[in-house]
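Peer 1: First, the structure itself, so that you have it in front of you.
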Number of protein chains: 2
Amino acid sequence: MSQTLYIVKIGGNVIDNPEVCSAFLNDFIKLNAPKILVHGGGKVATEIAAKLGIETQMVEGRRITDKAMLDVATMVYGGLVNKNLVAQLQAGGCNAIGLTGADGGIIRSVKRPVKAIDYGFVGDIEAVNDQQINALLYSSLIPVIAPLTYSSEGTMLNTNADTMASATAVAMAKTYKVNLIYCFEKKGVLSNPDDDDAVIASLNPESYANYKNSGAINKGMIPKLDNAFAALEAGVDQVTICHADDLLEAAIGSAGTVITL
Amino acid sequence: MSQTLYIVKIGGNVIDNPEVCSAFLNDFIKLNAPKILVHGGGKVATEIAAKLGIETQMVEGRRITDKAMLDVATMVYGGLVNKNLVAQLQAGGCNAIGLTGADGGIIRSVKRPVKAIDYGFVGDIEAVNDQQINALLYSSLIPVIAPLTYSSEGTMLNTNADTMASATAVAMAKTYKVNLIYCFEKKGVLSNPDDDDAVIASLNPESYANYKNSGAINKGMIPKLDNAFAALEAGVDQVTICHADDLLEAAIGSAGTVITL
């Protein structure tokens with residue numbers, strides 16, 4: 001049977017809080033298996049853009065990435081956030097290597113075609129180089145991946161971290177039994193959005209359909225879960241959605257919501 | 001006989017000029033051997049710091065790196081500059097991987113002790129992990145190294161790119177015949193500072209002493225050349241100082257100043 005590879009995604013809420021982040025990294029270090037960390041951006045990019053006089057444009061809840069904002073994303077996600085995570089992991093004895101999709105050509109994308117909305121310098125993933133990622137894991141390196149990819153024309157592109165995590169999980173499923181863990185600010189998928197302790201322990205397509213029909217699983221969670229099921233259908237072994245505090249428990253299946261087919 | 005490894009350093013003057021940089025990268029891509037690119041910072045860090053309201057403090061020609069300036073260096077050198085170089089190299093078919101000293105723990109440093117001057121978050125190199133760099137080269141990756149290292153406490157540290165290039169060259173000399181090439185804005189070491197074509201083709205300790213005694217080699221060049229001779233004494237095979245336009249010629253010994261023992 002193949003070895004388990006953990007692909008753990010953390011969002012801005014973890015990165016924005018140094019104490020939560022440091023506790024999370026200590027748990028991540030303890031996770032004793034091949035592993036990859038994918039991180040989101042956090043508020044600092046918006047703050048730095050504002051200080052530089054760059055306005056954040058949002059259309060339908062999505063950030064429009066003009067050239068100035070792309071430079072900020074490349075600086076903040078690929079530089080400041082990524083390297084500080086790597087330095088902290090290295091200090092904890094974890095042989096982290098910070099990467100964007102461009103590094104080693106691990107995740108290539110195409111600039112999103114302009115339709116109703118021009119998202120600007122945003123990449124839609126085209127190819128994940130699982131052999132290159134495998135070569136890094138084989139050298140006992142722990143990839144720490146920032147939400148940036150590159151195009152075959154040589155430009156960087158802003159890319160959604162959730163999508164990068166699931167695309168990487170699907171590509172690595174050729175070689176590993178992949179456990180994809182999304183860490184966020186709730187304890188898991190809730191059966192009652194007003195009760196933070198009402199965590200659904202496990203979801204499969206049938207129970208998911210039931211929760212959707214009853215309205216218990218609400219609008220914001222649906223694209224996340226649809227993506228999770230799509231990853232499972234494409235070969236990922238397990239997807240877990242949990243609180244960033246509960247990584248180790250979630251890794252052994254005793255916290256968060258475990259999603260399977 | 002060991003294989004030749006080229007370690008090429010480019011400074012801010014190359015990075016600040018997109019056309020010069022693009023031409024340089026095309027030549028670097030053509031260099032058909034194991035190779036490492038080490039890059040400096042460029043003016044953009046100073047410009048971004050100014051826009052963010054951070055003043056650049058200089059003492060004796062050296063930048064003082066306070067926490068705010070360290071964050072700018074980490075963003076700009078480790079993010080913006082490094083990732084744009086990597087994306088351009090990848091688009092040209094060169095399997096570049098952007099690294100700081102923290103990534104893979106390749107170059108660890110200690111925060112410079114406070115003596116007469118407190119340089120702030122500046123690192124003095126303590127250890128180069130040649131085995132890790134070798135593992136990357138062995139996977140056919142081309143390291144592109146930003147002028148940043150990390151401490152064992154987990155903080156990033158601003159570090160001189162020339163020093164990172166020579167420390168890496170010395171460490172890699174255990175395994176390779178290392179040719180360290182410093183690209184800068186002149187055609188080489190000049191025998192007459194007023195004549196840009198008066199390039200000294202080769203220097204050894206004797207001829208260097210003579211040029212110093214005659215005053216032909218001036219103050220600014222002396223620390224660069226002292227470092228070059230120190231690298232040669234520590235096992236580096238050859239050091240070349242040349243113009244960024246002349247990389248390929250310099251790699252075969254037909255441009256720039258070749259420094260040997």
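Letters A, B, ... mark the chains of the structure tokens in the order given; residue numbers begin at 1 per chain; ligand numbers begin at 1, in order shown.
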Find the residues of chain B in contact range of chain A, meaning any atom within 7 Å when counting only C-alpha atoms, and list them as JSON, numbers by chain.

Peer 2: {"B": [51, 52, 71, 74, 75, 76, 78, 79, 80, 84, 86, 87, 88, 90, 91, 95, 96, 97, 98, 102, 103, 104, 105, 135, 139, 141, 150, 152, 153, 154, 155, 156]}

Peer 1: Out of region 55-195 of chain A, which residues get alpha helix (DSSP H) from DSSP, as JSON, numbers by chain?

Peer 2: {"A": [67, 68, 69, 70, 71, 72, 73, 74, 75, 82, 83, 84, 85, 86, 87, 88, 89, 90, 91, 130, 131, 132, 133, 134, 135, 136, 137, 138, 161, 162, 163, 164, 165, 166, 167, 168, 169, 170, 171, 172]}

Peer 1: Find the spatial neighbours of Val128 (chain B), counting only C-alpha atoms, within a cut-off of 10 Å - ignore same-chain residues fewer than 3 positions away - and output them as a PyMOL selection string.

Peer 2: chain B and resi 101+105-109+125+131-133+164+167-172

Peer 1: Have a look at CA of Val59 (chain A) and CA of Asp118 (chain A) and let me know their distance in Å, one decimal.

Peer 2: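 For CA of Val59 (chain A) relative to CA of Asp118 (chain A), the distance reads 9.4 Å.
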
Peer 1: In Å, rounded to a single decimal, give me how far CA of Cys21 (chain B) is from CA of Asp194 (chain B).

Peer 2: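 Spanning CA of Asp194 (chain B) to CA of Cys21 (chain B) is a straight-line distance of 25.5 Å.
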
Peer 1: For region 231-238 of chain B, work out the shell of residues within 7 Å, counting only C-alpha atoms and skipping chain neighbours fewer than 2 positions away, then give it as a PyMOL selection string.

Peer 2: chain B and resi 166+169-170+173+177-180+227-229+240+259-261

Peer 1: With all heavy atoms retained, could you export that selection as a tab-separated table (two decimals), in the first residue's frame?

Peer 2:
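Listed below is the output, out_0.tsv:
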```tsv
chain	number	residue	atom	x	y	z
B	166	SER	N	30.38	33.72	-2.53
B	166	SER	CA	31.70	33.14	-2.28
B	166	SER	C	31.63	32.02	-1.24
B	166	SER	O	32.30	31.00	-1.38
B	166	SER	CB	32.74	34.20	-1.92
B	166	SER	OG	32.46	34.77	-0.68
B	169	ALA	N	30.38	29.06	-3.06
B	169	ALA	CA	31.44	28.54	-3.93
B	169	ALA	C	32.42	27.69	-3.13
B	169	ALA	O	32.80	26.59	-3.54
B	169	ALA	CB	32.15	29.70	-4.62
B	170	VAL	N	32.84	28.20	-1.98
B	170	VAL	CA	33.81	27.47	-1.14
B	170	VAL	C	33.21	26.13	-0.70
B	170	VAL	O	33.86	25.08	-0.78
B	170	VAL	CB	34.24	28.34	0.07
B	170	VAL	CG1	35.00	27.50	1.09
B	170	VAL	CG2	35.07	29.54	-0.41
B	173	ALA	N	33.01	23.60	-3.47
B	173	ALA	CA	34.32	23.17	-3.99
B	173	ALA	C	34.73	21.80	-3.46
B	173	ALA	O	35.62	21.16	-4.01
B	173	ALA	CB	35.39	24.22	-3.65
B	177	LYS	N	34.54	21.39	-9.35
B	177	LYS	CA	35.52	22.37	-9.78
B	177	LYS	C	34.69	23.66	-9.95
B	177	LYS	O	33.91	23.76	-10.91
B	177	LYS	CB	36.09	21.89	-11.12
B	177	LYS	CG	37.28	22.62	-11.63
B	177	LYS	CD	37.87	21.88	-12.83
B	177	LYS	CE	38.76	22.85	-13.59
B	177	LYS	NZ	38.44	22.95	-15.01
B	178	VAL	N	34.81	24.59	-9.02
B	178	VAL	CA	33.88	25.73	-9.01
B	178	VAL	C	34.48	26.94	-9.73
B	178	VAL	O	35.60	27.37	-9.44
B	178	VAL	CB	33.49	26.13	-7.57
B	178	VAL	CG1	32.60	27.38	-7.59
B	178	VAL	CG2	32.76	24.99	-6.87
B	179	ASN	N	33.70	27.46	-10.68
B	179	ASN	CA	34.04	28.70	-11.37
B	179	ASN	C	33.05	29.77	-10.88
B	179	ASN	O	31.87	29.72	-11.21
B	179	ASN	CB	33.96	28.50	-12.89
B	179	ASN	CG	34.56	29.67	-13.65
B	179	ASN	OD1	34.74	30.75	-13.10
B	179	ASN	ND2	34.84	29.47	-14.93
B	180	LEU	N	33.56	30.68	-10.07
B	180	LEU	CA	32.72	31.74	-9.48
B	180	LEU	C	32.83	32.98	-10.35
B	180	LEU	O	33.94	33.50	-10.56
B	180	LEU	CB	33.21	32.01	-8.05
B	180	LEU	CG	32.63	33.19	-7.29
B	180	LEU	CD1	31.12	33.07	-7.10
B	180	LEU	CD2	33.31	33.31	-5.90
B	227	ASN	N	38.44	39.08	-1.27
B	227	ASN	CA	37.48	37.98	-1.13
B	227	ASN	C	37.70	36.91	-2.19
B	227	ASN	O	37.58	35.72	-1.91
B	227	ASN	CB	36.04	38.50	-1.25
B	227	ASN	CG	35.57	39.15	0.03
B	227	ASN	OD1	36.07	38.84	1.10
B	227	ASN	ND2	34.60	40.04	-0.08
B	228	ALA	N	37.97	37.35	-3.42
B	228	ALA	CA	38.19	36.40	-4.51
B	228	ALA	C	39.40	35.51	-4.20
B	228	ALA	O	39.32	34.28	-4.33
B	228	ALA	CB	38.41	37.15	-5.83
B	229	PHE	N	40.51	36.13	-3.75
B	229	PHE	CA	41.69	35.32	-3.42
B	229	PHE	C	41.42	34.41	-2.22
B	229	PHE	O	41.90	33.27	-2.20
B	229	PHE	CB	42.92	36.23	-3.19
B	229	PHE	CG	43.51	36.73	-4.48
B	229	PHE	CD1	43.38	38.06	-4.87
B	229	PHE	CD2	44.19	35.85	-5.33
B	229	PHE	CE1	43.91	38.51	-6.07
B	229	PHE	CE2	44.73	36.29	-6.54
B	229	PHE	CZ	44.59	37.63	-6.91
B	240	THR	N	36.06	34.84	-11.71
B	240	THR	CA	36.09	35.76	-12.85
B	240	THR	C	35.23	36.97	-12.52
B	240	THR	O	34.15	36.82	-11.93
B	240	THR	CB	35.54	35.06	-14.12
B	240	THR	OG1	36.24	33.83	-14.31
B	240	THR	CG2	35.70	35.94	-15.35
B	259	ILE	N	40.81	35.40	-12.19
B	259	ILE	CA	41.65	35.45	-11.00
B	259	ILE	C	41.99	34.03	-10.57
B	259	ILE	O	41.10	33.19	-10.41
B	259	ILE	CB	40.91	36.22	-9.87
B	259	ILE	CG1	40.52	37.62	-10.39
B	259	ILE	CG2	41.76	36.34	-8.62
B	259	ILE	CD1	39.36	38.23	-9.66
B	260	THR	N	43.26	33.77	-10.44
B	260	THR	CA	43.71	32.43	-10.03
B	260	THR	C	44.87	32.57	-9.05
B	260	THR	O	45.46	33.64	-8.94
B	260	THR	CB	44.19	31.60	-11.24
B	260	THR	OG1	45.07	32.42	-12.01
B	260	THR	CG2	43.05	31.11	-12.10
B	261	LEU	N	45.20	31.49	-8.40
B	261	LEU	CA	46.35	31.52	-7.46
B	261	LEU	C	47.66	31.33	-8.24
B	261	LEU	O	47.66	30.78	-9.33
B	261	LEU	CB	46.20	30.41	-6.41
B	261	LEU	CG	45.11	30.64	-5.37
B	261	LEU	CD1	45.14	29.53	-4.34
B	261	LEU	CD2	45.28	31.99	-4.66
```

Peer 1: If DSSP is run on the backbone, what residues of region 7-122 of chain A are strand (DSSP E)? A reply as a PDB file with C-alpha atoms, in the first residue's frame would be ideal.

Peer 2:
```
ATOM      1  CA  ILE A   7      -1.214  18.099   2.279  1.00  0.00           C
ATOM      2  CA  VAL A   8      -2.217  20.769   4.784  1.00  0.00           C
ATOM      3  CA  LYS A   9      -3.701  24.105   3.787  1.00  0.00           C
ATOM      4  CA  ILE A  10      -3.796  27.098   6.127  1.00  0.00           C
ATOM      5  CA  LYS A  35       3.915  16.441   4.143  1.00  0.00           C
ATOM      6  CA  ILE A  36       3.309  19.631   2.193  1.00  0.00           C
ATOM      7  CA  LEU A  37       2.068  22.951   3.562  1.00  0.00           C
ATOM      8  CA  VAL A  38       0.027  25.252   1.310  1.00  0.00           C
ATOM      9  CA  HIS A  39      -0.647  28.718   2.664  1.00  0.00           C
ATOM     10  CA  GLN A  57     -10.560  45.952  -6.355  1.00  0.00           C
ATOM     11  CA  MET A  58     -13.106  43.269  -5.606  1.00  0.00           C
ATOM     12  CA  VAL A  59     -15.683  41.886  -8.050  1.00  0.00           C
ATOM     13  CA  ARG A  62     -12.933  38.053  -5.801  1.00  0.00           C
ATOM     14  CA  ARG A  63      -9.852  40.204  -5.821  1.00  0.00           C
ATOM     15  CA  ILE A  64      -8.915  41.690  -9.187  1.00  0.00           C
ATOM     16  CA  ALA A  96      11.071  23.260   4.840  1.00  0.00           C
ATOM     17  CA  ILE A  97      11.587  24.675   1.365  1.00  0.00           C
ATOM     18  CA  GLY A  98       9.465  27.637   0.294  1.00  0.00           C
ATOM     19  CA  LEU A  99       8.065  27.449  -3.205  1.00  0.00           C
ATOM     20  CA  ILE A 107       2.530  24.352 -10.731  1.00  0.00           C
ATOM     21  CA  ARG A 108       2.013  26.055 -14.081  1.00  0.00           C
ATOM     22  CA  SER A 109      -1.114  27.972 -14.926  1.00  0.00           C
ATOM     23  CA  VAL A 110      -2.706  30.076 -17.645  1.00  0.00           C
ATOM     24  CA  LYS A 111      -3.842  33.642 -17.154  1.00  0.00           C
TER      25      LYS A 111
END
```

Peer 1: Between CA of Met221 (chain A) and CA of Lys186 (chain A), what distance in Å does the model show, to one decimal?

Peer 2: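 These atoms are spaced 11.5 Å apart.
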
Peer 1: So, with only C-alpha atoms as the atoms that count, which of A:Phe121, A:Ala165, A:Asp16, A:Ala127 lies closest to Ile181 (chain A)?

Peer 2: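 Ranking A:Phe121, A:Ala165, A:Asp16, A:Ala127 by distance to Ile181 (chain A), first place goes to A:Ala165.
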
Peer 1: With only C-alpha atoms as the basis for distance, which of B:Ala33, B:Val239, B:Glu206, B:Gly41 is at the shortest distance from Asn160 (chain B)?

Peer 2: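 Looking only at the distances to Asn160 (chain B), the closest residue turns out to be B:Gly41.
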
Peer 1: Which one of A:Ala230, A:Ile117, A:Val189, A:Ala255 sits closest to Lys212 (chain A) if you count only C-alpha atoms?

Peer 2: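 Looking only at the distances to Lys212 (chain A), the closest residue turns out to be A:Val189.
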